[in-house]
Structure formats: structure tokens, C-alpha cells
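K.L.:
Below is one structure. I have some questions about it.
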Amino acid sequence: MEKIFDPSYKDYKKSRKWLIGLLESEIVEIEFTKKDGTDRVMKCTLQEDYLPEYGVIEIDKDRWKKDALAVFDIENDGWRSFRWDSVKQISFSIGEGKNA
């Protein structure tokens with residue numbers, strides 16, 4: 001399986017920017033491998049309507065260049081991150097977010 005978010009993939013920049021755009025408009029379920037080797041499934045978003053007023057982080061327009069991406073975990077009500085190279089699967093339903 002190709003890791004489309006890993007820098008070794010030729011279009012990884014487009015892939016990362018696509019996922020960030022999706023997170024800004026939808027709730028996305030991301031399956032990834034944590035640093036300790038365990039797998040995790042997280043329902044997360046970057047939609048402003050879901051983000052806490054007290055914890056809004058400054059959005060870095062070049063965040064796709066980083067090794068990991070910070071997202072808001074809607075089930076655990078807090079900020080979490082995943083490493084781009086650990087993503088195993090992505091799923092979403094169009095219109096699931098608050099802006100739908």
C-alpha cells in the first residue's frame with residue numbers, strides 16, 4: 001500500500017493539502033499507528049465551529065510540511081495529533097460537519 005502522505009510519494013503535498021481542506025469542512029475518521037505501535041481510530045476536524053474558544057490554535061498555512069498534524073478530536077474533546085507517515089485509512093461522510 002502506498003503511503004500518500006509520506007514525502008517519498010511524488011504527490012504527497014497535494015495529498016496532505018487535500019486532507020487538511022477536508023478536515024476544515026468535515027468530520028474525518030482517521031486510522032493511524034501511534035508512536036507506541038498501537039493502532040488508533042480518531043474522529044477529528046479542523047472546522048472552526050467545533051474548536052473550543054479557549055483553545056484555538058494559530059493555523060500555520062505551511063502545516064502540511066510538518067511531520068505531524070494537530071487536529072481536534074471530537075470524541076475526546078481535545079487537541080490531538082497524528083504523524084502523516086502513520087496514516088492507514090481515512091473515511092468521511094460529506095455533510096457530516098456543522099456547516100452542512
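Letters for chains follow the order of the C-alpha cells (A, B, ...), residue numbers begin at 1 for each chain, and ligand numbers begin at 1 in the order shown.
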For the contact check between range 20-53 of chain A and range 73-80 of chain A, emit one row per residue of range 20-53 of chain A within 10 Å, containing the shortest atom pair and the distance in Å rounded to one decimal, counting only C-alpha atoms, chain then rising number order, as a Markdown table.
P.N.:
```
| residue | atom | partner | partner_atom | distance |
| --- | --- | --- | --- | --- |
| A:Ile27 | CA | A:Ile74 | CA | 8.4 |
| A:Val28 | CA | A:Asp73 | CA | 9.7 |
| A:Glu29 | CA | A:Asp73 | CA | 9.7 |
| A:Met42 | CA | A:Asp73 | CA | 6.6 |
| A:Lys43 | CA | A:Asp73 | CA | 5.9 |
| A:Cys44 | CA | A:Asp73 | CA | 4.4 |
| A:Thr45 | CA | A:Asp73 | CA | 6.8 |
| A:Leu46 | CA | A:Asp73 | CA | 9.2 |
| A:Tyr50 | CA | A:Ile74 | CA | 7.5 |
| A:Leu51 | CA | A:Gly78 | CA | 8.6 |
| A:Pro52 | CA | A:Gly78 | CA | 8.4 |
```
K.L.:
Considering only strand (DSSP E) as DSSP defines it on the backbone, what residues of chain A qualify? List them as a ChimeraX atom specification.
P.N.:
/A:28-33,39-45,68-73,78-83,87-92
K.L.:
A:Ser8, A:Ser93, A:Ser86, A:Thr38: which is nearest Leu23 in chain A, counting only C-alpha atoms?
P.N.:
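Of A:Ser8, A:Ser93, A:Ser86, A:Thr38, the one nearest Leu23 in chain A, counting only C-alpha atoms, is A:Ser93.
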K.L.:
Ranking A:Ser91, A:Glu48, A:Phe72, A:Asp67 by minimum distance to Arg16 in chain A and counting only C-alpha atoms, which one comes first?
P.N.:
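So, comparing all the options, the nearest one is A:Asp67.
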K.L.:
Could you check how far CA of Lys34 in chain A sits from CA of Trp18 in chain A, in Å to one decimal?
P.N.:
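That distance, rounded to one decimal, is 22.0 Å.
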K.L.:
How many Å separate CA of Gly95 in chain A from CA of Lys3 in chain A?
P.N.:
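That distance, rounded to one decimal, is 26.4 Å.
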K.L.:
Name the residues of range 13-88 of chain A that come out as alpha helix (DSSP H) in a backbone DSSP run; write them as a VMD selection string.
P.N.:
chain A and resid 13 to 25
K.L.:
What is the distance between CA of Asp36 in chain A and CA of Lys17 in chain A, in Å to one decimal?
P.N.:
26.4 Å
K.L.:
Report as a list in words all protein, DNA and RNA residues lying within 7 Å of Trp84 in chain A, evaluated on only C-alpha atoms, omitting residues in the same chain fewer than 4 positions from it.
P.N.:
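That gives Phe5, Asp6, Asp67 and Ala68 of chain A.
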K.L.:
Compare A:Ile94, A:Lys35, A:Glu53, A:Val87 by their minimum atom-to-atom distance to Ser15 in chain A, counting only C-alpha atoms, and give me the closest one.
P.N.:
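Closest to Ser15 in chain A of all the choices is A:Val87.
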K.L.:
Let me make sure I understand: among A:Ser25, A:Glu31, A:Gln47, A:Tyr12, which one has the smallest atom-to-atom distance to Val71 in chain A if we use only C-alpha atoms?
P.N.:
A:Gln47
